[in-house]
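Undergrad: Data: data26.csv, CSV, C-alpha atoms and all ligand atoms.
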chain,number,residue,atom,x,y,z
A,263,MET,CA,164.8,32.9,-40.8
A,264,ILE,CA,165.5,32.8,-37.1
A,265,ASP,CA,165.6,30.1,-34.5
A,266,LEU,CA,162.3,29.9,-32.6
A,267,PRO,CA,162.4,28.2,-29.3
A,268,MET,CA,159.1,28.3,-27.4
A,269,PRO,CA,159.1,29.7,-23.9
A,270,SER,CA,160.5,26.7,-22.1
A,271,VAL,CA,159.4,27.5,-18.5
A,272,ARG,CA,155.7,27.5,-17.9
A,273,THR,CA,156.0,29.2,-14.5
A,274,PRO,CA,153.5,32.0,-13.8
A,275,ALA,CA,154.5,35.6,-14.7
A,276,PRO,CA,156.3,37.6,-12.1
A,277,THR,CA,154.1,39.9,-10.0
A,278,THR,CA,156.7,42.6,-9.3
A,279,GLY,CA,159.4,44.4,-11.3
A,280,GLY,CA,159.4,45.5,-15.0
A,281,LEU,CA,157.6,43.9,-17.9
A,282,VAL,CA,159.8,40.9,-18.4
A,283,ASP,CA,159.3,37.9,-20.7
A,284,THR,CA,160.6,34.3,-20.4
A,285,PHE,CA,163.6,35.2,-22.6
A,286,GLY,CA,164.7,38.0,-20.3
A,287,ARG,CA,163.6,40.9,-22.5
A,288,VAL,CA,162.1,43.9,-20.8
A,289,ALA,CA,159.4,46.0,-22.5
A,290,ARG,CA,159.9,49.7,-22.2
A,291,ASP,CA,158.2,51.0,-25.4
A,292,LEU,CA,154.4,51.0,-25.6
A,293,ARG,CA,152.8,51.6,-29.0
A,294,VAL,CA,149.3,52.9,-28.5
A,295,SER,CA,146.9,52.7,-31.5
A,296,LEU,CA,144.4,55.6,-31.3
A,297,THR,CA,142.2,54.5,-34.1
A,298,ASP,CA,142.0,51.8,-36.9
A,299,ARG,CA,140.8,54.4,-39.4
A,300,CYS,CA,143.0,56.2,-41.9
A,301,ASN,CA,142.8,58.8,-44.6
A,302,LEU,CA,145.2,56.9,-46.9
A,303,ARG,CA,145.0,53.3,-48.2
A,304,CYS,CA,148.6,52.2,-48.5
A,305,THR,CA,148.7,48.9,-50.4
A,306,TYR,CA,151.1,47.3,-47.9
A,307,CYS,CA,148.7,48.0,-45.1
A,308,MET,CA,145.0,48.4,-46.0
A,309,PRO,CA,142.7,47.2,-48.7
A,310,GLU,CA,141.3,49.6,-51.3
A,311,ALA,CA,137.8,49.2,-49.8
A,312,GLY,CA,135.8,47.0,-47.5
A,313,MET,CA,138.0,47.3,-44.4
A,314,PRO,CA,135.7,46.3,-41.4
A,315,TRP,CA,136.1,49.1,-38.8
A,316,LEU,CA,136.2,48.4,-35.1
A,317,PRO,CA,132.8,49.1,-33.6
A,318,LYS,CA,132.8,52.5,-31.9
A,319,THR,CA,131.7,51.1,-28.5
A,320,THR,CA,134.8,48.9,-28.4
A,321,LEU,CA,137.3,51.9,-28.8
A,322,LEU,CA,138.9,53.0,-25.5
A,323,THR,CA,137.9,56.5,-24.5
A,324,ASP,CA,140.5,59.1,-23.7
A,325,GLU,CA,139.9,58.5,-19.9
A,326,GLU,CA,140.3,54.7,-20.4
A,327,LEU,CA,143.4,55.1,-22.5
A,328,LEU,CA,145.0,57.4,-19.9
A,329,ARG,CA,144.3,55.0,-17.1
A,330,VAL,CA,145.8,52.1,-19.0
A,331,ILE,CA,148.9,54.2,-20.0
A,332,ARG,CA,149.4,55.1,-16.4
A,333,VAL,CA,149.3,51.4,-15.4
A,334,PHE,CA,151.9,50.7,-18.2
A,335,VAL,CA,154.1,53.5,-16.9
A,336,GLY,CA,153.9,52.0,-13.4
A,337,LEU,CA,155.3,48.8,-15.0
A,338,GLY,CA,158.4,50.5,-16.4
A,339,ILE,CA,157.3,51.8,-19.8
A,340,ASP,CA,159.3,54.9,-20.5
A,341,GLN,CA,158.2,55.7,-24.1
A,342,ILE,CA,154.7,56.0,-25.4
A,343,ARG,CA,154.3,56.1,-29.2
A,344,PHE,CA,150.9,57.1,-30.5
A,345,THR,CA,150.1,55.4,-33.8
A,346,GLY,CA,147.1,53.9,-35.7
A,347,GLY,CA,145.5,53.8,-38.3
A,348,GLU,CA,146.2,57.5,-38.5
A,349,PRO,CA,146.6,59.0,-35.0
A,350,LEU,CA,145.9,62.5,-36.2
A,351,LEU,CA,142.3,61.5,-36.9
A,352,ARG,CA,141.7,61.1,-33.2
A,353,PRO,CA,139.9,64.2,-32.0
A,354,GLY,CA,141.3,64.3,-28.5
A,355,LEU,CA,144.9,63.8,-29.5
A,356,VAL,CA,146.4,67.0,-28.2
A,357,GLY,CA,144.7,66.7,-24.8
A,358,LEU,CA,145.8,63.1,-24.5
A,359,VAL,CA,149.4,64.0,-25.1
A,360,GLU,CA,149.1,66.8,-22.5
A,361,GLN,CA,147.8,64.3,-19.9
A,362,VAL,CA,150.4,61.7,-20.7
A,363,ALA,CA,153.1,64.4,-20.4
A,364,ALA,CA,151.8,65.2,-16.9
A,365,LEU,CA,152.4,61.6,-15.7
A,366,THR,CA,155.1,60.9,-13.2
A,367,PRO,CA,157.6,59.6,-14.2
A,368,ARG,CA,157.0,61.4,-17.5
A,369,PRO,CA,157.4,59.0,-20.4
A,370,ARG,CA,159.0,60.2,-23.7
A,371,ILE,CA,156.1,60.8,-26.2
A,372,ALA,CA,156.5,59.9,-29.8
A,373,LEU,CA,154.1,59.9,-32.7
A,374,THR,CA,154.0,58.0,-36.0
A,375,THR,CA,151.8,59.7,-38.6
A,376,ASN,CA,151.3,59.8,-42.4
A,377,GLY,CA,151.7,63.6,-42.2
A,378,VAL,CA,148.3,64.4,-43.7
A,379,GLY,CA,146.9,67.2,-41.5
A,380,LEU,CA,150.1,67.6,-39.5
A,381,ALA,CA,150.7,71.1,-40.9
A,382,ARG,CA,147.7,72.3,-38.9
A,383,ILE,CA,148.4,70.6,-35.6
A,384,ALA,CA,152.2,70.4,-35.4
A,385,PRO,CA,152.7,73.4,-33.1
A,386,ALA,CA,149.9,72.3,-30.7
A,387,LEU,CA,151.5,68.8,-30.5
A,388,LYS,CA,154.9,70.2,-29.7
A,389,ALA,CA,153.4,72.5,-27.1
A,390,ALA,CA,151.5,69.5,-25.6
A,391,GLY,CA,154.6,67.5,-25.1
A,392,VAL,CA,155.3,65.4,-28.2
A,393,ASP,CA,159.1,64.8,-28.2
A,394,ARG,CA,159.6,62.9,-31.5
A,395,VAL,CA,157.7,62.4,-34.7
A,396,ASN,CA,158.1,59.8,-37.4
A,397,ILE,CA,156.4,60.7,-40.7
A,398,SER,CA,155.7,58.0,-43.3
A,399,LEU,CA,156.6,58.9,-46.9
A,400,ASP,CA,157.6,56.3,-49.4
A,401,THR,CA,158.2,58.5,-52.5
A,402,ILE,CA,158.3,62.1,-53.6
A,403,ASP,CA,156.9,61.2,-57.0
A,404,ARG,CA,153.3,62.2,-57.1
A,405,GLU,CA,152.2,59.3,-59.4
A,406,GLU,CA,154.0,56.7,-57.3
A,407,PHE,CA,152.5,58.2,-54.1
A,408,LEU,CA,149.1,57.9,-55.6
A,409,ALA,CA,149.8,54.3,-56.6
A,410,LEU,CA,151.1,53.4,-53.2
A,411,THR,CA,148.6,55.2,-51.0
A,412,ARG,CA,145.6,55.3,-53.4
A,413,ARG,CA,145.2,59.0,-52.5
A,414,ASP,CA,146.6,62.1,-54.2
A,415,ARG,CA,147.9,63.7,-50.9
A,416,LEU,CA,151.6,64.1,-51.5
A,417,PRO,CA,151.5,67.9,-51.1
A,418,ALA,CA,149.8,67.6,-47.7
A,419,VAL,CA,152.5,65.3,-46.5
A,420,GLU,CA,155.2,67.6,-47.7
A,421,GLU,CA,153.5,70.5,-45.8
A,422,GLY,CA,153.2,68.3,-42.7
A,423,LEU,CA,157.0,67.5,-42.8
A,424,ALA,CA,157.9,71.2,-43.2
A,425,ALA,CA,155.5,72.2,-40.3
A,426,ALA,CA,157.0,69.5,-38.0
A,427,ARG,CA,160.5,71.0,-38.6
A,428,GLU,CA,159.2,74.5,-38.1
A,429,ALA,CA,157.5,73.5,-34.9
A,430,GLY,CA,160.7,72.1,-33.5
A,431,LEU,CA,159.6,68.4,-33.7
A,432,THR,CA,163.2,67.6,-34.6
A,433,PRO,CA,164.9,65.6,-35.8
A,434,VAL,CA,162.1,64.9,-38.3
A,435,LYS,CA,162.3,61.2,-39.1
A,436,VAL,CA,160.9,59.8,-42.3
A,437,ASN,CA,159.8,56.1,-42.6
A,438,ALA,CA,159.7,54.6,-46.0
A,439,VAL,CA,158.7,51.1,-47.3
A,440,ALA,CA,160.0,50.1,-50.7
A,441,MET,CA,157.6,48.2,-52.9
A,442,ARG,CA,158.8,46.3,-55.9
A,443,GLY,CA,157.6,47.8,-59.2
A,444,VAL,CA,156.2,50.9,-57.5
A,445,ASN,CA,158.9,53.0,-55.7
A,446,ASP,CA,161.9,50.7,-55.5
A,447,GLU,CA,163.7,52.5,-58.4
A,448,SER,CA,163.2,56.0,-57.0
A,449,ILE,CA,164.5,55.4,-53.4
A,450,PRO,CA,167.7,57.3,-54.1
A,451,ASP,CA,165.5,60.3,-55.1
A,452,LEU,CA,163.7,60.1,-51.8
A,453,LEU,CA,167.0,60.1,-49.9
A,454,ALA,CA,168.4,63.1,-51.9
A,455,TRP,CA,165.2,65.0,-51.1
A,456,CYS,CA,165.3,64.2,-47.4
A,457,VAL,CA,169.0,65.0,-47.1
A,458,ASP,CA,168.4,68.4,-48.8
A,459,ARG,CA,165.7,69.2,-46.1
A,460,GLY,CA,167.5,67.7,-43.1
A,461,TYR,CA,165.0,64.9,-42.6
A,462,GLU,CA,166.3,61.6,-41.4
A,463,LEU,CA,165.2,58.8,-43.7
A,464,ARG,CA,164.8,55.2,-42.6
A,465,PHE,CA,163.8,52.4,-44.9
A,466,ILE,CA,161.7,49.5,-43.4
A,467,GLU,CA,161.5,46.2,-45.1
A,468,GLN,CA,157.9,45.4,-46.0
A,469,MET,CA,156.3,42.9,-43.5
A,470,PRO,CA,153.5,40.5,-44.2
A,471,LEU,CA,150.8,42.6,-42.4
A,472,ASP,CA,148.9,43.8,-45.4
A,473,ALA,CA,145.1,43.4,-45.4
A,474,ASP,CA,145.2,42.0,-49.0
A,475,HIS,CA,147.7,39.2,-47.9
A,476,ALA,CA,149.7,40.0,-51.1
A,477,TRP,CA,153.1,39.9,-49.4
A,478,THR,CA,155.5,37.3,-50.8
A,479,ALA,CA,159.2,36.7,-49.9
A,480,GLU,CA,160.0,37.0,-53.6
A,481,SER,CA,158.5,40.5,-53.8
A,482,LEU,CA,160.4,41.8,-50.7
A,483,VAL,CA,162.7,44.7,-51.4
A,484,SER,CA,165.4,43.6,-49.0
A,485,ARG,CA,167.9,45.5,-46.9
A,486,GLU,CA,170.6,44.3,-49.4
A,487,GLU,CA,168.7,45.6,-52.4
A,488,ILE,CA,167.9,48.9,-50.7
A,489,LEU,CA,171.6,49.4,-49.9
A,490,GLU,CA,172.7,48.4,-53.4
A,491,ARG,CA,170.3,51.0,-55.0
A,492,LEU,CA,171.4,53.8,-52.6
A,493,SER,CA,175.1,53.0,-53.1
A,494,ALA,CA,174.7,53.5,-56.8
A,495,ARG,CA,174.2,57.3,-56.1
A,496,PHE,CA,175.7,57.9,-52.6
A,497,ALA,CA,178.7,56.8,-50.6
A,498,LEU,CA,177.4,55.0,-47.6
A,499,THR,CA,179.6,54.4,-44.5
A,500,ALA,CA,178.2,52.1,-41.9
A,501,LEU,CA,178.1,53.6,-38.4
A,502,PRO,CA,179.0,51.3,-35.5
A,503,SER,CA,176.1,49.5,-33.9
A,504,SER,CA,176.6,51.6,-30.7
A,505,ALA,CA,175.3,54.6,-32.7
A,506,ARG,CA,171.9,53.1,-33.0
A,507,GLY,CA,171.4,52.1,-29.3
A,508,SER,CA,168.4,49.9,-28.9
A,509,ALA,CA,166.8,51.3,-32.1
A,510,PRO,CA,166.4,48.7,-34.8
A,511,ALA,CA,167.7,50.9,-37.7
A,512,GLU,CA,171.2,50.2,-39.1
A,513,LEU,CA,172.7,53.6,-39.7
A,514,PHE,CA,174.9,54.8,-42.6
A,515,LEU,CA,176.6,58.2,-43.1
A,516,VAL,CA,175.5,59.6,-46.5
A,517,ASP,CA,178.4,61.0,-48.5
A,518,GLY,CA,180.6,61.4,-45.4
A,519,GLY,CA,177.8,62.9,-43.3
A,520,PRO,CA,176.4,64.6,-41.3
A,521,ALA,CA,173.3,63.2,-43.0
A,522,THR,CA,172.5,59.6,-42.2
A,523,VAL,CA,170.1,57.0,-43.7
A,524,GLY,CA,168.8,54.0,-41.8
A,525,VAL,CA,167.6,50.5,-42.8
A,526,ILE,CA,165.3,48.5,-40.6
A,527,ALA,CA,165.6,44.9,-41.8
A,528,SER,CA,162.7,43.5,-39.8
A,529,VAL,CA,162.3,40.6,-42.2
A,530,SER,CA,165.7,39.6,-43.4
A,531,THR,CA,167.7,40.4,-40.2
A,532,PRO,CA,165.1,40.4,-37.4
A,533,PHE,CA,166.0,42.2,-34.2
A,534,CYS,CA,163.5,40.2,-32.0
A,535,ALA,CA,166.1,39.3,-29.5
A,536,ASP,CA,166.4,42.9,-28.5
A,537,CYS,CA,162.7,43.7,-28.8
A,538,ASP,CA,161.5,46.1,-26.0
A,539,ARG,CA,158.0,46.7,-27.4
A,540,VAL,CA,154.4,46.0,-26.4
A,541,ARG,CA,151.3,47.2,-28.1
A,542,LEU,CA,147.8,48.4,-27.2
A,543,THR,CA,145.2,48.3,-29.9
A,544,ALA,CA,142.5,51.0,-30.2
A,545,ASP,CA,139.9,48.5,-28.8
A,546,GLY,CA,142.0,47.8,-25.7
A,547,GLN,CA,143.8,44.5,-26.5
A,548,VAL,CA,147.4,44.1,-25.4
A,549,ARG,CA,149.7,42.4,-28.0
A,550,ASN,CA,153.2,41.3,-27.2
A,551,CYS,CA,154.3,41.3,-30.9
A,552,LEU,CA,153.2,42.7,-34.2
A,553,PHE,CA,152.9,39.1,-35.4
A,554,SER,CA,151.2,37.7,-32.4
A,555,GLU,CA,148.1,35.5,-33.1
A,556,VAL,CA,146.8,36.0,-29.6
A,557,GLU,CA,146.1,39.1,-27.5
A,558,SER,CA,144.9,39.9,-24.0
A,559,ASP,CA,141.7,41.8,-23.4
A,560,LEU,CA,142.2,44.8,-21.1
A,561,ARG,CA,138.9,46.5,-22.1
A,562,THR,CA,136.6,44.1,-20.5
A,563,PRO,CA,138.2,44.1,-17.0
A,564,LEU,CA,138.7,47.8,-17.3
A,565,ARG,CA,135.0,48.3,-17.9
A,566,GLU,CA,134.1,45.8,-15.2
A,567,GLY,CA,135.9,47.7,-12.5
A,568,ALA,CA,139.3,46.0,-12.3
A,569,THR,CA,141.9,47.5,-10.1
A,570,ASP,CA,145.2,48.8,-11.4
A,571,ALA,CA,146.9,45.7,-10.0
A,572,GLU,CA,144.5,43.4,-11.8
A,573,LEU,CA,145.1,45.3,-15.1
A,574,ALA,CA,148.9,45.0,-14.5
A,575,GLY,CA,148.4,41.3,-14.0
A,576,VAL,CA,146.8,41.0,-17.4
A,577,ILE,CA,149.6,42.9,-19.0
A,578,ARG,CA,152.3,40.9,-17.3
A,579,GLY,CA,150.6,37.7,-18.4
A,580,GLU,CA,150.6,38.8,-22.0
A,581,MET,CA,154.3,39.7,-21.9
A,582,TRP,CA,155.1,36.4,-20.3
A,583,ARG,CA,153.9,34.4,-23.3
A,584,LYS,CA,155.9,36.5,-25.8
A,585,LEU,CA,157.7,34.2,-28.3
A,586,SER,CA,161.3,34.5,-29.1
A,587,GLY,CA,160.7,35.7,-32.7
A,588,HIS,CA,158.3,36.5,-35.4
A,589,HIS,CA,158.4,33.3,-37.4
A,590,ILE,CA,158.4,35.0,-40.9
A,591,GLY,CA,159.9,32.5,-43.3
A,592,ALA,CA,159.2,29.5,-41.0
A,593,ALA,CA,156.9,26.8,-42.2
A,594,ASP,CA,154.5,27.5,-39.3
A,595,PHE,CA,154.2,31.2,-40.0
A,596,HIS,CA,150.7,32.6,-40.1
A,597,GLN,CA,149.9,36.2,-40.9
A,598,PRO,CA,148.0,37.6,-38.0
A,599,GLU,CA,144.3,38.2,-38.4
A,600,ARG,CA,144.6,41.9,-37.9
A,601,SER,CA,146.4,43.9,-40.5
A,602,MET,CA,148.9,46.7,-39.7
A,603,SER,CA,146.4,49.5,-39.5
A,604,ALA,CA,144.2,47.6,-36.9
A,605,ILE,CA,147.2,46.6,-34.8
A,606,GLY,CA,149.1,49.9,-34.7
A,607,GLY,CA,152.4,50.0,-36.4
B,701,LIG,N1,149.3,56.0,-40.3
B,701,LIG,C1,150.5,56.2,-39.7
B,701,LIG,C2,151.6,56.1,-40.6
B,701,LIG,O1,151.5,55.6,-41.7
B,701,LIG,O2,152.7,56.5,-40.3
B,701,LIG,C3,150.7,55.3,-38.5
B,701,LIG,C4,150.3,53.9,-38.6
B,701,LIG,S1,151.3,53.0,-39.8
B,701,LIG,C5,150.6,51.4,-39.6
B,701,LIG,C6,152.9,52.9,-39.0
B,701,LIG,C7,154.0,52.5,-39.9
B,701,LIG,O3,153.9,51.2,-40.3
B,701,LIG,C8,154.2,53.4,-41.2
B,701,LIG,O4,155.5,53.9,-41.2
B,701,LIG,C9,154.0,52.4,-42.3
B,701,LIG,O5,154.8,52.7,-43.4
B,701,LIG,C10,154.4,51.1,-41.6
B,701,LIG,N2,153.8,50.0,-42.3
B,701,LIG,C11,152.5,49.7,-42.6
B,701,LIG,N3,152.3,48.5,-43.1
B,701,LIG,C12,153.6,48.0,-43.2
B,701,LIG,C13,154.1,46.7,-43.7
B,701,LIG,N4,153.3,45.8,-44.2
B,701,LIG,N5,155.4,46.5,-43.6
B,701,LIG,C14,156.2,47.4,-43.0
B,701,LIG,N6,155.8,48.6,-42.6
B,701,LIG,C15,154.5,48.9,-42.7
B,702,LIG,FE1,147.2,54.5,-43.2
B,702,LIG,FE2,149.6,54.4,-42.1
B,702,LIG,FE3,148.4,52.2,-43.0
B,702,LIG,FE4,149.2,54.0,-44.8
B,702,LIG,S1,150.5,52.8,-43.4
B,702,LIG,S2,147.2,53.0,-44.8
B,702,LIG,S3,148.9,55.8,-43.7
B,702,LIG,S4,147.7,53.4,-41.3
Once more with this new file: its structure as structure tokens, please.

TA:
Amino acid sequence: MIDLPMPSVRTPAPTTGGLVDTFGRVARDLRVSLTDRCNLRCTYCMPEAGMPWLPKTTLLTDEELLRVIRVFVGLGIDQIRFTGGEPLLRPGLVGLVEQVAALTPRPRIALTTNGVGLARIAPALKAAGVDRVNISLDTIDREEFLALTRRDRLPAVEEGLAAAREAGLTPVKVNAVAMRGVNDESIPDLLAWCVDRGYELRFIEQMPLDADHAWTAESLVSREEILERLSARFALTALPSSARGSAPAELFLVDGGPATVGVIASVSTPFCADCDRVRLTADGQVRNCLFSEVESDLRTPLREGATDAELAGVIRGEMWRKLSGHHIGAADFHQPERSMSAIGG
């Protein structure tokens, strides 16, 4: 649990400079959700059925997205990460990447995907300007994969990973969430598999963002437990925090290196004080935090003819009300209404 002061100064948001909040943090990393739809149904994210989709007319078009991204870049954003839902389901993805890569200054372009369908599109994404890719894979056991994602698509993800490496989308990073009673015991197998193939594995603690609201603190497979399980098979050597830069993953050399494994302890050791992120949902809402219970609407002013300066004002205002931390574990914590796939992870 972390200390949660509210923003103390109720002065208006600044009208110049970068995207600063009242705690002095500056947003540089924009997560753009391209769709709320997905071809998997991970239990920690989506329900098995009955997910209400965003109405098509509310989704930002490619042109609208590009305009908004340009405004964000003008406000100091230097990394765009496309996510979702599953971003590879967005038909115009390659063209969008090309257009973002043509912006000045050119932001770094990253993609978070479940890997299904990546085999087909990896070379085109690389050519269009994707710099880094994170592929989500929680287990290399087919039964466990099916239980976790409710879809039998492990071979497609394996192909996607190999294609990313062949296309030069390197280093290929793998994100994994450990779920008690499903894949927690096999996490050392996943690490061995990734080390063999040169993929950089990072475990992320499960956050209360599942559509089923089934998350409990008791079921959390914590950083400590993950490290304990990995240490039973591998010698882990902690790298100094300077090795991770502003990235939230704690890094460890595996068996003396050069392979590393990361742990992102978003719940048990939050890194909110160093947060440099802001999010745009597929329906054009700006969120200053994954756990925010409020958002700022960019879509309406955008469609009503707002100027870039007016859009920038909405974004600045949203950042200015960012809280110091995510509240998980505090008595007043409420899980946000949107689940992970509708926010953009
Ligand atoms: N569909 C893509 C994918 O799975 O990579 C992109 C969107 S997904 C929401 C982005 C990341 O969020 C994935 O790495 C996924 O494992 C992670 N994620 C989803 N729900 C989560 C949760 N409740 N806690 C922690 N990570 C979660
Ligand atoms: Fe889809 Fe990614 Fe959510 Fe899994 S984590 S259901 S792949 S959006």

Undergrad: Which residues of chain A sit at most 6 Å from ligand LIG 702 (chain B), using only C-alpha atoms and all ligand atoms? Give each one's shortest atom pair and distance in Å (one decimal place), in chain and ascending residue order, as a Markdown table.

TA:
| residue | atom | partner | partner_atom | distance |
| --- | --- | --- | --- | --- |
| A:Cys300 | CA | B:LIG702 | FE1 | 4.7 |
| A:Leu302 | CA | B:LIG702 | FE1 | 4.8 |
| A:Arg303 | CA | B:LIG702 | S2 | 4.1 |
| A:Cys304 | CA | B:LIG702 | S2 | 4.0 |
| A:Cys307 | CA | B:LIG702 | FE3 | 4.7 |
| A:Met308 | CA | B:LIG702 | S2 | 5.2 |
| A:Gly346 | CA | B:LIG702 | S4 | 5.7 |
| A:Gly347 | CA | B:LIG702 | S4 | 3.7 |
| A:Glu348 | CA | B:LIG702 | S4 | 5.2 |
| A:Asn376 | CA | B:LIG702 | S3 | 4.8 |
| A:Ser603 | CA | B:LIG702 | S4 | 4.5 |

Undergrad: Give me, please, the distance in Å between atom S1 of ligand LIG 701 (chain B) and atom CA of A:Gly607, quoted to one decimal.

TA: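 Straight-line distance from atom S1 of ligand LIG 701 (chain B) to atom CA of A:Gly607 works out to 4.7 Å.
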
Undergrad: Could you pull out the residues sitting within 6 Å of ligand LIG 701 (chain B), using all atoms listed in the file, and write them as a ChimeraX atom specification?

TA: /A:306-307,345-348,374-376,397-398,437-439,466-472,602-603,606-607

Undergrad: Next, dump the selected residues to file, keeping only C-alpha atoms, as an mmCIF file, in the coordinates of the input.

TA:
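Dumped to out.cif:
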data_model
loop_
_atom_site.group_PDB
_atom_site.id
_atom_site.type_symbol
_atom_site.label_atom_id
_atom_site.label_comp_id
_atom_site.auth_asym_id
_atom_site.auth_seq_id
_atom_site.Cartn_x
_atom_site.Cartn_y
_atom_site.Cartn_z
ATOM 1 C CA TYR A 306 151.100 47.300 -47.900
ATOM 2 C CA CYS A 307 148.700 48.000 -45.100
ATOM 3 C CA THR A 345 150.100 55.400 -33.800
ATOM 4 C CA GLY A 346 147.100 53.900 -35.700
ATOM 5 C CA GLY A 347 145.500 53.800 -38.300
ATOM 6 C CA GLU A 348 146.200 57.500 -38.500
ATOM 7 C CA THR A 374 154.000 58.000 -36.000
ATOM 8 C CA THR A 375 151.800 59.700 -38.600
ATOM 9 C CA ASN A 376 151.300 59.800 -42.400
ATOM 10 C CA ILE A 397 156.400 60.700 -40.700
ATOM 11 C CA SER A 398 155.700 58.000 -43.300
ATOM 12 C CA ASN A 437 159.800 56.100 -42.600
ATOM 13 C CA ALA A 438 159.700 54.600 -46.000
ATOM 14 C CA VAL A 439 158.700 51.100 -47.300
ATOM 15 C CA ILE A 466 161.700 49.500 -43.400
ATOM 16 C CA GLU A 467 161.500 46.200 -45.100
ATOM 17 C CA GLN A 468 157.900 45.400 -46.000
ATOM 18 C CA MET A 469 156.300 42.900 -43.500
ATOM 19 C CA PRO A 470 153.500 40.500 -44.200
ATOM 20 C CA LEU A 471 150.800 42.600 -42.400
ATOM 21 C CA ASP A 472 148.900 43.800 -45.400
ATOM 22 C CA MET A 602 148.900 46.700 -39.700
ATOM 23 C CA SER A 603 146.400 49.500 -39.500
ATOM 24 C CA GLY A 606 149.100 49.900 -34.700
ATOM 25 C CA GLY A 607 152.400 50.000 -36.400
#

Undergrad: Please list, as number ranges by chain, the residues that have an atom at most 6 Å away from (160.7, 58.7, -50.7) in the coordinates of this file, counting all atoms listed in the file.

TA: A: 399-402, 449, 452

Undergrad: Using atom CA of A:Gly422 and atom CA of A:Gly524 as the two end points, give the distance in Å to one decimal.

TA: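 Between these atoms lies a distance of 21.2 Å.
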
Undergrad: For A:Pro349, which of A:Leu492, A:Ala511, A:Ala544, A:Ala389 is the closest residue, counting all atoms listed in the file?

TA: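 Residue with the minimum atom-to-atom distance to A:Pro349: A:Ala544.
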
Undergrad: My list of candidates is A:Ala409, A:Ile371, A:Ala429, A:Leu296. Which is closest to A:Gly443 when distances are computed with only C-alpha atoms?

TA: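 So, comparing all the options, the nearest one is A:Ala409.
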
Undergrad: Point out the residue among A:Glu555, A:Glu405, A:Glu512, A:Glu447 with the least atom-to-atom distance to A:Phe595, counting all atoms listed in the file.

TA: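 The closest residue to A:Phe595 is A:Glu555.
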
Undergrad: Can you measure atom CA of A:Gly518 to atom CA of A:Ala497 for me? One decimal in Å is fine.

TA: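 Taking atom CA of A:Gly518 and atom CA of A:Ala497, their separation equals 7.2 Å.
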
Undergrad: Output: stretch 439-452 of chain A of the preceding structure, restricted to N, CA and C atoms, written as a short mmCIF file (atom, residue, chain, number, x, y, z; two decimals), in the first residue's frame.

TA:
data_model
loop_
_atom_site.label_atom_id
_atom_site.label_comp_id
_atom_site.auth_asym_id
_atom_site.auth_seq_id
_atom_site.Cartn_x
_atom_site.Cartn_y
_atom_site.Cartn_z
N VAL A 439 1.79 -12.83 -17.13
CA VAL A 439 1.08 -12.63 -15.87
C VAL A 439 0.95 -14.02 -15.23
N ALA A 440 1.31 -14.12 -13.96
CA ALA A 440 1.19 -15.41 -13.27
C ALA A 440 -0.15 -15.47 -12.55
N MET A 441 -0.86 -16.56 -12.75
CA MET A 441 -2.19 -16.74 -12.12
C MET A 441 -2.13 -17.97 -11.21
N ARG A 442 -2.56 -17.75 -9.98
CA ARG A 442 -2.51 -18.86 -9.03
C ARG A 442 -3.38 -20.03 -9.49
N GLY A 443 -2.77 -21.21 -9.42
CA GLY A 443 -3.52 -22.43 -9.76
C GLY A 443 -3.63 -22.67 -11.25
N VAL A 444 -3.07 -21.78 -12.07
CA VAL A 444 -3.13 -21.99 -13.52
C VAL A 444 -1.71 -22.15 -14.08
N ASN A 445 -0.90 -21.08 -14.01
CA ASN A 445 0.45 -21.17 -14.59
C ASN A 445 1.55 -20.83 -13.58
N ASP A 446 1.17 -20.66 -12.30
CA ASP A 446 2.20 -20.22 -11.35
C ASP A 446 3.32 -21.25 -11.18
N GLU A 447 2.98 -22.54 -11.29
CA GLU A 447 4.01 -23.54 -11.08
C GLU A 447 4.92 -23.69 -12.29
N SER A 448 4.44 -23.29 -13.46
CA SER A 448 5.24 -23.52 -14.68
C SER A 448 6.05 -22.29 -15.10
N ILE A 449 6.12 -21.27 -14.25
CA ILE A 449 6.84 -20.07 -14.71
C ILE A 449 8.33 -20.32 -14.96
N PRO A 450 8.98 -21.23 -14.22
CA PRO A 450 10.39 -21.50 -14.59
C PRO A 450 10.50 -22.12 -16.00
N ASP A 451 9.51 -22.91 -16.40
CA ASP A 451 9.54 -23.51 -17.76
C ASP A 451 9.46 -22.40 -18.81
N LEU A 452 8.63 -21.40 -18.54
CA LEU A 452 8.48 -20.29 -19.49
C LEU A 452 9.80 -19.53 -19.60
#
